[in-house]
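Colleague: This is work-v5.txt, which holds compact mmCIF, C-alpha atoms:
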# COMPACT_ATOMS: atom_id res chain seq x y z
CA MET Q 16 -46.76 62.76 -30.73
CA ASN Q 17 -45.31 66.29 -30.41
CA ALA Q 18 -44.61 67.81 -26.98
CA VAL Q 19 -47.65 67.83 -24.71
CA LEU Q 20 -48.73 69.13 -21.35
CA ASN Q 21 -50.95 67.00 -19.17
CA ALA Q 22 -53.99 68.13 -17.21
CA THR Q 23 -55.87 65.97 -14.71
CA TYR Q 24 -59.56 66.51 -13.95
CA LEU Q 25 -62.17 65.17 -11.58
CA ILE Q 26 -65.46 64.79 -13.46
CA GLU Q 27 -69.02 63.71 -12.67
CA THR Q 28 -71.47 62.57 -15.33
CA PRO Q 29 -74.44 60.20 -15.79
CA LEU Q 30 -72.86 59.14 -19.12
CA ASP Q 31 -69.92 56.87 -19.85
CA PRO Q 32 -66.86 58.68 -18.40
CA ALA Q 33 -64.72 57.49 -21.30
CA ALA Q 34 -67.08 59.07 -23.81
CA VAL Q 35 -67.15 62.31 -21.82
CA ALA Q 36 -63.35 62.37 -21.59
CA ASP Q 37 -63.19 62.09 -25.37
CA ILE Q 38 -65.62 65.00 -25.69
CA MET Q 39 -63.43 67.06 -23.35
CA ALA Q 40 -60.31 66.35 -25.43
CA GLY Q 41 -62.09 67.30 -28.62
CA GLU Q 42 -63.69 70.43 -27.19
CA GLN Q 43 -60.35 71.88 -26.13
CA SER Q 44 -58.37 71.01 -29.27
CA CYS Q 45 -60.07 70.10 -32.53
CA GLY Q 46 -63.28 71.74 -31.36
CA THR Q 47 -65.54 68.78 -32.02
CA PHE Q 48 -65.84 65.13 -31.10
CA ALA Q 49 -66.87 64.27 -34.68
CA ARG Q 50 -64.85 64.75 -37.84
CA VAL Q 51 -65.61 67.81 -39.94
CA GLN Q 52 -64.85 68.56 -43.58
CA GLY Q 53 -61.10 69.03 -44.13
CA GLU Q 54 -60.10 67.30 -40.91
CA THR Q 55 -57.54 64.75 -42.06
CA ASP Q 56 -55.81 62.06 -40.06
CA ALA Q 57 -52.59 64.09 -40.22
CA LEU Q 58 -54.27 67.22 -38.86
CA ARG Q 59 -55.96 65.29 -36.09
CA ALA Q 60 -52.71 63.57 -35.11
CA ARG Q 61 -50.97 66.93 -34.88
CA ALA Q 62 -53.60 69.00 -33.11
CA ARG Q 63 -56.01 66.78 -31.22
CA ALA Q 64 -55.77 66.38 -27.47
CA VAL Q 65 -55.56 62.77 -26.33
CA VAL Q 66 -57.11 61.06 -23.33
CA GLN Q 67 -54.22 59.49 -21.44
CA SER Q 68 -56.09 57.69 -18.66
CA ILE Q 69 -59.45 57.31 -16.95
CA GLU Q 70 -59.76 56.21 -13.34
CA VAL Q 71 -63.34 55.34 -12.48
CA LEU Q 72 -64.29 56.36 -8.94
CA GLU Q 73 -67.54 56.19 -6.97
CA SER Q 74 -71.07 56.91 -8.21
CA VAL Q 75 -73.64 59.12 -6.47
CA THR Q 76 -77.40 59.37 -6.74
CA GLN Q 77 -77.68 63.16 -6.91
CA PRO Q 78 -75.79 65.50 -9.26
CA SER Q 79 -73.40 68.05 -7.80
CA LEU Q 80 -74.50 70.63 -10.38
CA SER Q 81 -77.51 70.95 -12.65
CA SER Q 82 -77.35 70.59 -16.42
CA ALA Q 83 -80.17 71.71 -18.72
CA PHE Q 84 -78.56 69.64 -21.49
CA LEU Q 85 -78.92 66.43 -19.47
CA GLN Q 86 -82.45 67.33 -18.41
CA ARG Q 87 -83.49 67.91 -22.03
CA HIS Q 88 -82.16 64.48 -22.93
CA ASP Q 89 -83.72 62.76 -19.89
CA HIS Q 90 -80.41 61.61 -18.43
CA ASP Q 91 -80.87 60.72 -14.78
CA GLY Q 92 -78.42 59.15 -12.32
CA PRO Q 93 -76.48 57.45 -11.13
CA PHE Q 94 -73.77 60.04 -11.62
CA HIS Q 95 -70.34 58.54 -12.14
CA ARG Q 96 -67.18 60.22 -10.94
CA ALA Q 97 -63.84 59.66 -12.61
CA ARG Q 98 -60.35 61.12 -12.75
CA VAL Q 99 -59.36 61.93 -16.30
CA ARG Q 100 -55.90 62.81 -17.63
CA ILE Q 101 -55.67 64.60 -20.98
CA ALA Q 102 -52.56 65.47 -23.03
CA TYR Q 103 -52.68 68.76 -24.95
CA PRO Q 104 -50.23 69.50 -27.78
CA VAL Q 105 -48.23 72.57 -26.73
CA ASP Q 106 -48.02 73.70 -30.35
CA ASN Q 107 -51.74 74.44 -30.18
CA ILE Q 108 -51.06 76.96 -27.43
CA GLY Q 109 -47.56 78.40 -27.73
CA ALA Q 110 -46.01 80.53 -25.00
CA ASN Q 111 -49.36 82.16 -24.35
CA LEU Q 112 -50.49 81.99 -20.74
CA PRO Q 113 -54.08 83.25 -21.21
CA THR Q 114 -54.59 80.68 -23.97
CA LEU Q 115 -53.02 77.97 -21.84
CA ALA Q 116 -55.53 78.78 -19.10
CA ALA Q 117 -58.37 78.86 -21.62
CA THR Q 118 -57.31 75.45 -22.89
CA VAL Q 119 -57.06 73.60 -19.59
CA ALA Q 120 -59.76 75.55 -17.73
CA GLY Q 121 -62.09 77.06 -20.31
CA ASN Q 122 -65.32 75.84 -21.91
CA LEU Q 123 -64.93 72.47 -20.21
CA TYR Q 124 -66.86 73.89 -17.25
CA ASP Q 125 -69.85 74.54 -19.51
CA LEU Q 126 -70.08 71.08 -21.05
CA GLY Q 127 -73.65 69.83 -20.74
CA GLU Q 128 -72.50 66.25 -20.31
CA VAL Q 129 -70.97 66.89 -16.87
CA THR Q 130 -72.55 67.64 -13.51
CA GLY Q 131 -69.16 68.35 -11.99
CA LEU Q 132 -65.69 69.19 -13.32
CA ARG Q 133 -62.59 70.28 -11.45
CA LEU Q 134 -59.08 70.86 -12.82
CA GLU Q 135 -56.75 69.23 -10.31
CA GLN Q 136 -53.25 69.17 -11.73
CA ILE Q 137 -51.09 70.49 -14.58
CA GLU Q 138 -47.81 68.86 -15.65
CA LEU Q 139 -45.48 70.67 -18.04
CA PRO Q 140 -42.58 69.49 -20.21
CA SER Q 141 -39.31 71.25 -19.33
CA GLU Q 142 -38.82 72.95 -22.68
CA TYR Q 143 -42.32 74.39 -22.55
CA ARG Q 144 -42.01 75.64 -18.97
CA ALA Q 145 -38.79 77.45 -19.99
CA ARG Q 146 -40.75 79.64 -22.40
CA PHE Q 147 -42.52 81.40 -19.53
CA GLU Q 148 -41.47 83.69 -16.70
CA TYR Q 149 -39.56 82.64 -13.59
CA PRO Q 150 -39.65 84.23 -10.13
CA ALA Q 151 -37.21 87.11 -9.72
CA LEU Q 152 -36.46 86.27 -6.08
CA GLY Q 153 -38.37 83.16 -5.04
CA ILE Q 154 -37.46 81.63 -1.68
CA LYS Q 155 -33.69 82.16 -1.76
CA GLY Q 156 -33.91 85.69 -3.11
CA THR Q 157 -36.51 86.69 -0.54
CA ARG Q 158 -34.21 85.45 2.22
CA ARG Q 159 -31.32 87.45 0.73
CA ALA Q 160 -33.42 90.61 0.40
CA THR Q 161 -34.58 90.44 4.02
CA GLY Q 162 -31.33 89.17 5.50
CA VAL Q 163 -33.11 86.19 7.07
CA ALA Q 164 -30.83 83.23 6.38
CA GLN Q 165 -32.85 80.72 8.40
CA GLY Q 166 -36.10 80.48 10.29
CA ALA Q 167 -39.56 81.52 9.18
CA LEU Q 168 -39.95 85.11 8.01
CA VAL Q 169 -42.23 86.78 10.53
CA GLY Q 170 -44.59 89.28 8.97
CA THR Q 171 -47.72 91.25 9.61
CA ILE Q 172 -50.46 93.07 7.75
CA ILE Q 173 -51.37 96.73 7.96
CA LYS Q 174 -54.91 97.90 7.31
CA PRO Q 175 -54.75 101.41 5.81
CA ASN Q 176 -58.44 101.19 4.94
CA VAL Q 177 -59.26 101.89 8.57
CA GLY Q 178 -58.51 105.46 7.48
CA LEU Q 179 -54.78 105.84 8.15
CA SER Q 180 -53.14 108.60 6.15
CA ALA Q 181 -49.83 108.04 4.37
CA HIS Q 182 -48.04 109.66 7.32
CA GLU Q 183 -49.93 107.55 9.87
CA THR Q 184 -49.21 104.40 7.87
CA ALA Q 185 -45.51 105.26 7.85
CA GLU Q 186 -45.58 105.78 11.62
CA LEU Q 187 -47.12 102.32 12.05
CA VAL Q 188 -44.52 100.79 9.72
CA ALA Q 189 -41.75 102.42 11.77
CA ARG Q 190 -43.17 100.85 14.94
CA LEU Q 191 -43.45 97.46 13.25
CA CYS Q 192 -39.87 97.66 11.98
CA SER Q 193 -38.73 98.45 15.53
CA ALA Q 194 -40.81 95.52 16.76
CA GLY Q 195 -38.62 93.19 14.71
CA VAL Q 196 -40.75 92.04 11.77
CA ASP Q 197 -39.14 90.79 8.56
CA PHE Q 198 -42.07 91.50 6.27
CA ILE Q 199 -45.06 93.87 6.12
CA LYS Q 200 -47.81 93.74 3.54
CA ASP Q 201 -50.73 95.91 2.56
CA ASP Q 202 -54.24 94.54 2.85
CA GLU Q 203 -55.71 93.26 -0.41
CA VAL Q 204 -58.54 95.82 -0.35
CA CYS Q 205 -56.19 98.78 0.04
CA ALA Q 206 -54.25 99.75 -3.06
CA ASP Q 207 -54.50 103.44 -3.96
CA PRO Q 208 -57.17 104.97 -1.67
CA ALA Q 209 -57.86 108.70 -1.53
CA HIS Q 210 -56.77 108.94 2.12
CA ALA Q 211 -53.39 107.25 1.51
CA PRO Q 212 -52.52 107.25 -2.21
CA LEU Q 213 -49.50 105.25 -3.27
CA ALA Q 214 -47.80 108.41 -4.54
CA GLN Q 215 -47.70 109.57 -0.92
CA ARG Q 216 -47.71 106.26 0.94
CA VAL Q 217 -44.72 104.63 -0.78
CA PRO Q 218 -42.26 107.51 -0.12
CA ALA Q 219 -43.50 107.93 3.45
CA VAL Q 220 -43.29 104.22 4.28
CA MET Q 221 -39.92 103.74 2.60
CA THR Q 222 -38.50 106.72 4.49
CA ALA Q 223 -39.32 104.82 7.68
CA VAL Q 224 -37.93 101.54 6.28
CA ARG Q 225 -34.67 103.18 5.17
CA ALA Q 226 -34.26 104.91 8.53
CA HIS Q 227 -34.62 101.55 10.26
CA ARG Q 228 -32.14 99.97 7.83
CA ASP Q 229 -29.60 102.74 8.37
CA ARG Q 230 -29.99 102.43 12.13
CA THR Q 231 -29.94 98.63 12.45
CA GLY Q 232 -28.78 97.15 9.14
CA LYS Q 233 -32.12 95.33 8.83
CA ASN Q 234 -33.97 95.79 5.53
CA VAL Q 235 -37.65 95.05 6.15
CA MET Q 236 -39.54 93.92 3.04
CA VAL Q 237 -42.80 95.80 2.41
CA ALA Q 238 -45.30 94.42 -0.12
CA PHE Q 239 -47.11 97.47 -1.48
CA ASN Q 240 -50.47 96.60 -3.02
CA ILE Q 241 -50.23 98.02 -6.54
CA SER Q 242 -53.28 96.17 -7.96
CA ASP Q 243 -54.64 98.37 -10.75
CA GLU Q 244 -54.87 98.52 -14.52
CA THR Q 245 -51.59 97.45 -16.11
CA ASP Q 246 -50.00 100.80 -16.96
CA ALA Q 247 -50.72 102.10 -13.47
CA MET Q 248 -49.17 98.98 -11.93
CA LEU Q 249 -45.97 99.58 -13.87
CA ARG Q 250 -45.84 103.20 -12.68
CA HIS Q 251 -46.43 102.10 -9.10
CA ALA Q 252 -43.65 99.48 -9.36
CA ASP Q 253 -41.26 102.12 -10.69
CA LEU Q 254 -42.08 104.32 -7.70
CA VAL Q 255 -41.37 101.46 -5.29
CA GLU Q 256 -38.04 100.80 -7.01
CA ARG Q 257 -37.06 104.48 -6.89
CA GLU Q 258 -37.76 104.47 -3.15
CA GLU Q 259 -35.53 101.38 -2.72
CA GLY Q 260 -38.38 99.02 -2.00
CA SER Q 261 -38.08 95.30 -2.67
CA CYS Q 262 -41.62 93.98 -3.13
CA VAL Q 263 -45.02 94.70 -4.64
CA MET Q 264 -48.30 92.87 -4.15
CA ALA Q 265 -51.06 92.17 -6.65
CA SER Q 266 -54.50 90.61 -6.45
CA LEU Q 267 -53.82 87.91 -9.01
CA ASN Q 268 -57.34 86.91 -9.99
CA TRP Q 269 -58.49 90.45 -10.67
CA CYS Q 270 -55.35 91.79 -12.38
CA GLY Q 271 -55.08 88.77 -14.69
CA PHE Q 272 -52.32 86.72 -16.23
CA SER Q 273 -51.28 89.28 -18.84
CA ALA Q 274 -50.93 92.09 -16.31
CA ILE Q 275 -48.79 89.96 -13.97
CA GLN Q 276 -46.60 88.77 -16.85
CA THR Q 277 -46.11 92.36 -17.99
CA LEU Q 278 -45.28 93.41 -14.45
CA ARG Q 279 -42.78 90.55 -14.10
CA ARG Q 280 -41.01 91.55 -17.30
CA HIS Q 281 -40.94 95.18 -16.20
CA THR Q 282 -39.48 94.86 -12.70
CA ARG Q 283 -37.11 92.72 -10.64
CA LEU Q 284 -39.05 93.45 -7.45
CA ALA Q 285 -40.53 90.46 -5.67
CA ILE Q 286 -44.17 89.92 -6.67
CA HIS Q 287 -46.30 88.91 -3.69
CA GLY Q 288 -49.21 86.99 -5.20
CA HIS Q 289 -52.47 87.41 -3.30
CA ARG Q 290 -55.10 84.86 -4.27
CA ASN Q 291 -58.21 86.64 -2.92
CA GLY Q 292 -61.23 85.26 -4.77
CA PHE Q 293 -59.70 81.79 -5.06
CA GLY Q 294 -62.45 80.43 -2.84
CA ALA Q 295 -64.98 81.12 -5.60
CA MET Q 296 -62.93 78.84 -7.84
CA SER Q 297 -62.11 76.12 -5.37
CA ARG Q 298 -64.52 75.67 -2.45
CA HIS Q 299 -66.91 73.28 -4.22
CA PRO Q 300 -65.20 69.88 -4.41
CA MET Q 301 -66.68 69.14 -7.85
CA LEU Q 302 -66.13 72.50 -9.52
CA GLY Q 303 -63.35 74.90 -10.37
CA ILE Q 304 -59.64 74.46 -9.88
CA GLY Q 305 -57.40 72.90 -7.27
CA PHE Q 306 -54.39 74.75 -5.91
CA GLN Q 307 -51.74 72.67 -7.69
CA ALA Q 308 -53.11 73.68 -11.08
CA TYR Q 309 -53.86 77.23 -9.93
CA GLN Q 310 -50.38 77.94 -8.61
CA THR Q 311 -48.80 76.34 -11.67
CA LEU Q 312 -50.44 78.93 -13.92
CA TRP Q 313 -49.44 81.84 -11.68
CA ARG Q 314 -45.88 80.60 -11.33
CA LEU Q 315 -45.66 80.73 -15.12
CA ALA Q 316 -46.46 84.44 -14.76
CA GLY Q 317 -43.41 84.85 -12.53
CA VAL Q 318 -44.72 85.41 -8.99
CA ASP Q 319 -42.34 85.02 -6.03
CA HIS Q 320 -44.77 84.44 -3.15
CA MET Q 321 -48.13 82.62 -3.10
CA HIS Q 322 -50.81 82.82 -0.42
CA VAL Q 323 -51.91 79.45 1.00
CA HIS Q 324 -53.92 80.68 4.05
CA GLY Q 325 -52.92 79.31 7.45
CA LEU Q 326 -53.32 76.28 9.68
CA GLN Q 327 -56.10 76.41 12.27
CA GLY Q 328 -57.08 79.74 10.74
CA LYS Q 329 -60.27 81.67 10.15
CA PHE Q 330 -61.03 80.55 6.60
CA ALA Q 331 -62.88 77.54 5.22
CA GLN Q 332 -59.98 75.42 3.98
CA HIS Q 333 -59.11 72.24 5.83
CA ASP Q 334 -55.59 72.15 7.25
CA SER Q 335 -54.76 69.33 4.83
CA GLU Q 336 -55.46 71.68 1.91
CA VAL Q 337 -53.23 74.39 3.38
CA ILE Q 338 -50.43 71.86 3.86
CA SER Q 339 -50.69 70.45 0.34
CA SER Q 340 -50.76 73.99 -1.06
CA ALA Q 341 -47.51 74.86 0.69
CA ARG Q 342 -45.91 71.68 -0.60
CA ASP Q 343 -47.01 72.61 -4.12
CA CYS Q 344 -45.11 75.89 -3.74
CA TYR Q 345 -41.99 73.93 -2.73
CA THR Q 346 -42.23 71.60 -5.73
CA PRO Q 347 -40.36 72.70 -8.88
CA LEU Q 348 -42.58 72.67 -11.95
CA THR Q 349 -39.83 70.79 -13.80
CA GLU Q 350 -36.51 69.27 -12.77
CA ASP Q 351 -34.38 71.64 -14.86
CA LYS Q 352 -34.48 74.77 -12.70
CA ASP Q 353 -35.48 75.82 -9.19
CA ASP Q 354 -38.62 77.89 -9.70
CA THR Q 355 -40.07 77.30 -6.24
CA VAL Q 356 -41.94 80.13 -4.55
CA MET Q 357 -42.37 81.23 -0.95
CA PRO Q 358 -45.72 80.15 0.57
CA ALA Q 359 -47.38 82.92 2.56
CA PHE Q 360 -49.30 81.73 5.63
CA SER Q 361 -51.95 84.10 6.97
CA SER Q 362 -55.44 84.17 8.50
CA GLY Q 363 -55.71 83.84 12.26
CA GLN Q 364 -52.02 83.04 12.74
CA TRP Q 365 -50.24 83.52 16.07
CA ALA Q 366 -47.61 81.78 18.16
CA GLY Q 367 -50.03 78.97 18.98
CA THR Q 368 -50.39 77.92 15.32
CA VAL Q 369 -46.62 77.51 14.86
CA PRO Q 370 -46.42 73.90 16.17
CA ALA Q 371 -49.01 72.65 13.69
CA THR Q 372 -47.24 74.44 10.85
CA TRP Q 373 -43.83 72.99 11.72
CA ALA Q 374 -45.25 69.51 12.34
CA ALA Q 375 -46.95 69.53 8.94
CA LEU Q 376 -44.04 70.84 6.88
CA GLY Q 377 -40.83 70.31 8.85
CA CYS Q 378 -39.68 73.43 7.04
CA ASP Q 379 -39.62 77.16 7.74
CA ASP Q 380 -39.14 78.48 4.21
CA LEU Q 381 -42.31 80.51 4.56
CA LEU Q 382 -43.83 83.86 5.34
CA PHE Q 383 -45.64 83.53 8.67
CA MET Q 384 -47.95 86.55 8.74
CA ALA Q 385 -49.89 87.49 11.83
CA GLY Q 386 -52.07 90.58 12.01
CA GLY Q 387 -53.78 90.27 15.37
CA GLY Q 388 -51.14 87.80 16.53
CA VAL Q 389 -48.66 90.69 16.45
CA LEU Q 390 -50.67 93.88 16.81
CA ALA Q 391 -53.17 92.56 19.39
CA HIS Q 392 -50.60 90.94 21.69
CA PRO Q 393 -51.18 92.32 25.21
CA GLY Q 394 -47.51 93.27 25.43
CA GLY Q 395 -47.56 95.21 22.17
CA ALA Q 396 -46.25 94.51 18.68
CA ARG Q 397 -42.68 93.88 19.80
CA ALA Q 398 -43.89 91.22 22.24
CA GLY Q 399 -46.15 89.75 19.54
CA VAL Q 400 -43.19 89.32 17.17
CA ALA Q 401 -41.07 87.92 20.00
CA SER Q 402 -43.74 85.38 20.92
CA ILE Q 403 -43.83 84.04 17.35
CA ARG Q 404 -40.05 83.81 17.12
CA GLN Q 405 -39.96 82.06 20.50
CA ALA Q 406 -42.53 79.57 19.24
CA TRP Q 407 -40.47 78.81 16.12
CA THR Q 408 -37.32 78.37 18.21
CA ALA Q 409 -39.18 75.96 20.47
CA VAL Q 410 -40.64 73.76 17.73
CA ARG Q 411 -37.31 73.58 15.87
CA ALA Q 412 -35.79 72.30 19.11
CA GLY Q 413 -38.57 69.76 19.63
CA GLN Q 414 -39.90 71.63 22.66
CA LYS Q 415 -43.54 72.12 23.59
CA LEU Q 416 -44.75 75.72 23.75
CA ALA Q 417 -45.93 75.38 27.35
CA ASP Q 418 -42.44 74.32 28.38
CA ALA Q 419 -40.73 77.01 26.34
CA ALA Q 420 -43.07 79.64 27.79
CA ARG Q 421 -41.52 79.20 31.25
CA GLU Q 422 -38.44 81.04 29.96
CA ALA Q 423 -40.23 83.18 27.34
CA PRO Q 424 -42.60 85.74 28.90
CA GLU Q 425 -43.90 87.03 25.56
CA LEU Q 426 -44.85 83.51 24.49
CA ALA Q 427 -46.46 82.91 27.87
CA GLN Q 428 -48.56 86.06 27.43
CA ALA Q 429 -49.62 84.97 23.94
CA LEU Q 430 -50.68 81.53 25.17
CA ARG Q 431 -52.75 83.04 27.96
CA PHE Q 432 -54.34 85.75 25.81
CA PHE Q 433 -54.92 84.09 22.42
CA GLY Q 434 -55.19 80.55 23.78
CA LYS Q 435 -58.53 81.29 25.40
What does the file become when written as structure tokens?
Modeller:
Amino acid sequence: MNAVLNATYLIETPLDPAAVADIMAGEQSCGTFARVQGETDALRARARAVVQSIEVLESVTQPSLSSAFLQRHDHDGPFHRARVRIAYPVDNIGANLPTLAATVAGNLYDLGEVTGLRLEQIELPSEYRARFEYPALGIKGTRRATGVAQGALVGTIIKPNVGLSAHETAELVARLCSAGVDFIKDDEVCADPAHAPLAQRVPAVMTAVRAHRDRTGKNVMVAFNISDETDAMLRHADLVEREEGSCVMASLNWCGFSAIQTLRRHTRLAIHGHRNGFGAMSRHPMLGIGFQAYQTLWRLAGVDHMHVHGLQGKFAQHDSEVISSARDCYTPLTEDKDDTVMPAFSSGQWAGTVPATWAALGCDDLLFMAGGGVLAHPGGARAGVASIRQAWTAVRAGQKLADAAREAPELAQALRFFGK
């Protein structure tokens, strides 16, 4: 068989899982589970996807999703769940990321034979992975750009959509730089608003960042949200580069694979990948796409940072999902080249969530972003940043936060204020 990529799915069906797996393979390659005129053995051997394995799991009495097809054919339960692995010939797809996504995560979701289908994992051969984009900075490059050789990168989020002008945003950025952050990002819903357009906001913010760099030697990374139609994104990235910025942010799901690939090829800035909307694709356990497969596709587009949410945060994901997502970011897609990306932790993060993060990962190659955990600290933003750094120092030394807080007043304040 020619080179293949493998995709693993969780399926649910009242039919024989093996028969359904064969339908899936046909649907996404030859286009039919039955031979058609002109379909020779040679053509089928070259182009047809192949079911590699089927692991039968539990059965349930009620379907996860409805299917008019099954209702028309009077197929009732039980509904069998199985894990199916399918090999797709890469020659069917080529170095074409939208078509790759359409192959592994396309019409399969509409198959009438299933009452649940979730893409869990994608595995790529090395030579095929090499035909796509790589991160420009990744973990090591992000550390170089920020001057943070070790320890978690402490970041925060600004919310220009509260009505801050470009000048007011720059003033806030100046205060945050002075407070000691390594990283600042725009909110995902603020890209180019009338009250703070990027044409004004980028020069104003970068003036503050450069002034801080000239004064202290510290180059704070700012992820400007340039989500837009593709040509506008390229213009925005050029503006950031002219102003000596180092990072841009994009809402991945809404900009699309082609736009992010084009952006990657156009600029060497770090691309901060925001996954807003991922919950619509992932929250149902029997539908959509798991993070391993999701981040694989976006890493092929060349992103440098990937959002994973945060431990003990405000969103719906279990901590175990956040942890596995971060580990996916640390795992090279192939063994030939380091294409790992920096996981970005956010959502309800503060000094008190640091121990769980360190205990889960034993690693601080991450962006630890705290909005309220910095800006709402009773001692101010500088104390908020200090409290998070003190927490990281404590956990790396094997010390409990309560003990460390005796010699760290900012951490003590955070524990009293946020710990309620």
Colleague: Centre and edge lengths, as JSON, for the axis-aligned box enclosing every listed atom of region 17-31 of chain Q with 8 Å of padding on each of the six sides, in Å to one decimal?
Modeller:
{"center_x": -59.5, "center_y": 63.0, "center_z": -21.0, "size_x": 45.8, "size_y": 28.3, "size_z": 34.8}
Colleague: One decimal, in Å: what's the spacing between CA of Pro208 (chain Q) and CA of His251 (chain Q)?
Modeller: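 Distance between the two atoms: 13.4 Å.
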Colleague: Using all atoms listed in the file, find each residue of region 142-231 of chain Q with at least one atom at most 12 Å away from an atom of region 344-348 of chain Q; report its shortest atom-to-atom pair and that distance in Å (one decimal), sort the rows by chain and rising residue number, and return the result as a tab-separated table.
Modeller:
residue	atom	partner	partner_atom	distance
Q:Glu142	CA	Q:Leu348	CA	11.4
Q:Tyr143	CA	Q:Leu348	CA	10.7
Q:Arg144	CA	Q:Leu348	CA	7.6
Q:Ala145	CA	Q:Leu348	CA	10.1
Q:Phe147	CA	Q:Leu348	CA	11.6
Q:Tyr149	CA	Q:Leu348	CA	10.5
Q:Pro150	CA	Q:Pro347	CA	11.6
Q:Gly153	CA	Q:Cys344	CA	10.0
Q:Ile154	CA	Q:Tyr345	CA	9.0
Q:Lys155	CA	Q:Tyr345	CA	11.7
Colleague: Could you work out how far CA of Ala316 (chain Q) lies from CA of Lys352 (chain Q), giving the answer in Å with one decimal?
Modeller: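 CA of Ala316 (chain Q) lies at a distance of 15.5 Å from CA of Lys352 (chain Q).
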Colleague: In the coordinates of the file, take the point (-47.7, 88.5, -14.1) and a cut-off of 10 Å; then, counting all atoms listed in the file, name each qualifying protein, DNA or RNA residue as a PDB file with C-alpha atoms, in the coordinates of the input.
Modeller:
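That gives us part-v8.pdb:
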ATOM      1  CA  LEU Q 112     -50.490  81.990 -20.740  1.00  0.00           C
ATOM      2  CA  GLU Q 148     -41.470  83.690 -16.700  1.00  0.00           C
ATOM      3  CA  PRO Q 150     -39.650  84.230 -10.130  1.00  0.00           C
ATOM      4  CA  THR Q 245     -51.590  97.450 -16.110  1.00  0.00           C
ATOM      5  CA  ALA Q 265     -51.060  92.170  -6.650  1.00  0.00           C
ATOM      6  CA  LEU Q 267     -53.820  87.910  -9.010  1.00  0.00           C
ATOM      7  CA  CYS Q 270     -55.350  91.790 -12.380  1.00  0.00           C
ATOM      8  CA  GLY Q 271     -55.080  88.770 -14.690  1.00  0.00           C
ATOM      9  CA  PHE Q 272     -52.320  86.720 -16.230  1.00  0.00           C
ATOM     10  CA  SER Q 273     -51.280  89.280 -18.840  1.00  0.00           C
ATOM     11  CA  ALA Q 274     -50.930  92.090 -16.310  1.00  0.00           C
ATOM     12  CA  ILE Q 275     -48.790  89.960 -13.970  1.00  0.00           C
ATOM     13  CA  GLN Q 276     -46.600  88.770 -16.850  1.00  0.00           C
ATOM     14  CA  THR Q 277     -46.110  92.360 -17.990  1.00  0.00           C
ATOM     15  CA  LEU Q 278     -45.280  93.410 -14.450  1.00  0.00           C
ATOM     16  CA  ARG Q 279     -42.780  90.550 -14.100  1.00  0.00           C
ATOM     17  CA  ARG Q 280     -41.010  91.550 -17.300  1.00  0.00           C
ATOM     18  CA  HIS Q 281     -40.940  95.180 -16.200  1.00  0.00           C
ATOM     19  CA  ILE Q 286     -44.170  89.920  -6.670  1.00  0.00           C
ATOM     20  CA  GLY Q 288     -49.210  86.990  -5.200  1.00  0.00           C
ATOM     21  CA  LEU Q 312     -50.440  78.930 -13.920  1.00  0.00           C
ATOM     22  CA  TRP Q 313     -49.440  81.840 -11.680  1.00  0.00           C
ATOM     23  CA  ARG Q 314     -45.880  80.600 -11.330  1.00  0.00           C
ATOM     24  CA  LEU Q 315     -45.660  80.730 -15.120  1.00  0.00           C
ATOM     25  CA  ALA Q 316     -46.460  84.440 -14.760  1.00  0.00           C
ATOM     26  CA  GLY Q 317     -43.410  84.850 -12.530  1.00  0.00           C
ATOM     27  CA  VAL Q 318     -44.720  85.410  -8.990  1.00  0.00           C
TER      28      VAL Q 318
END
Colleague: For region 85-96 of chain Q, work out the shell of residues within 12 Å, counting only C-alpha atoms and skipping chain neighbours fewer than 6 positions away, then give it as an MDAnalysis selection string.
Modeller: chainID Q and resid 24:33 35:36 69:79 126:133 300:301
Colleague: Residues near Cys45 (chain Q), anyone? I mean within 8 Å using all atoms listed in the file, not counting same-chain ones fewer than 4 positions away, as a VMD selection string.
Modeller: chain Q and resid 41 59 62 to 64
Colleague: Which residue gives the smallest distance to Ala398 (chain Q) among Q:Val196, Q:Ala308, Q:Ala226, Q:Val99, with all atoms listed in the file counted?
Modeller: Q:Val196
Colleague: Excluding Thr157 (chain Q) and residues on its chain fewer than 5 positions from it, collect all residues at most 12 Å away from it, counting only C-alpha atoms, and give them as an MDAnalysis selection string.
Modeller: chainID Q and resid 150:152 162:165 167:168 197:198 234:238 261:262 283:287 318:320 355:359 380:382
Colleague: Which residue is closest to Gly121 (chain Q)? Choose from Q:Cys192, Q:Met39, Q:Leu416, Q:Ala219 and count only C-alpha atoms.
Modeller: Q:Met39
Colleague: Just give me the gap between CA of Tyr103 (chain Q) and CA of Val19 (chain Q) in Å, one decimal is fine.
Modeller: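 These atoms are spaced 5.1 Å apart.
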Colleague: Taking (-51.0, 100.9, 9.2) as a centre in this file's frame and 9 Å as the limit, can you find every polymer residue with an atom that close, using all atoms listed in the file, and give them as a list in words?
Modeller: Ile172, Ile173, Lys174, Pro175, Asn176, Val177, Gly178, Leu179, Ser180, Ala181, Glu183, Thr184, Ala185, Glu186, Leu187, Val188 and Asp201 of chain Q
Colleague: Please provide as a PyMOL selection string all residues within 9 Å of region 332-337 of chain Q, with the sequence filter that same-chain residues fewer than 3 positions apart are discarded (counting only C-alpha atoms).
Modeller: chain Q and resi 294+298+306+323-329+340-342+360+375
Colleague: Identify which of the residues Q:Ile338, Q:Leu213, Q:Ala223, Q:Ala18 lies closest to Met248 (chain Q), counting only C-alpha atoms when measuring atom-to-atom distances.
Modeller: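 Distance minimum relative to Met248 (chain Q) lands on Q:Leu213.
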Colleague: Rank nothing, just name the residue among Q:Lys200, Q:Arg397, Q:His227, Q:Arg100 nearest to Gln136 (chain Q), using all atoms listed in the file.
Modeller: Q:Arg100
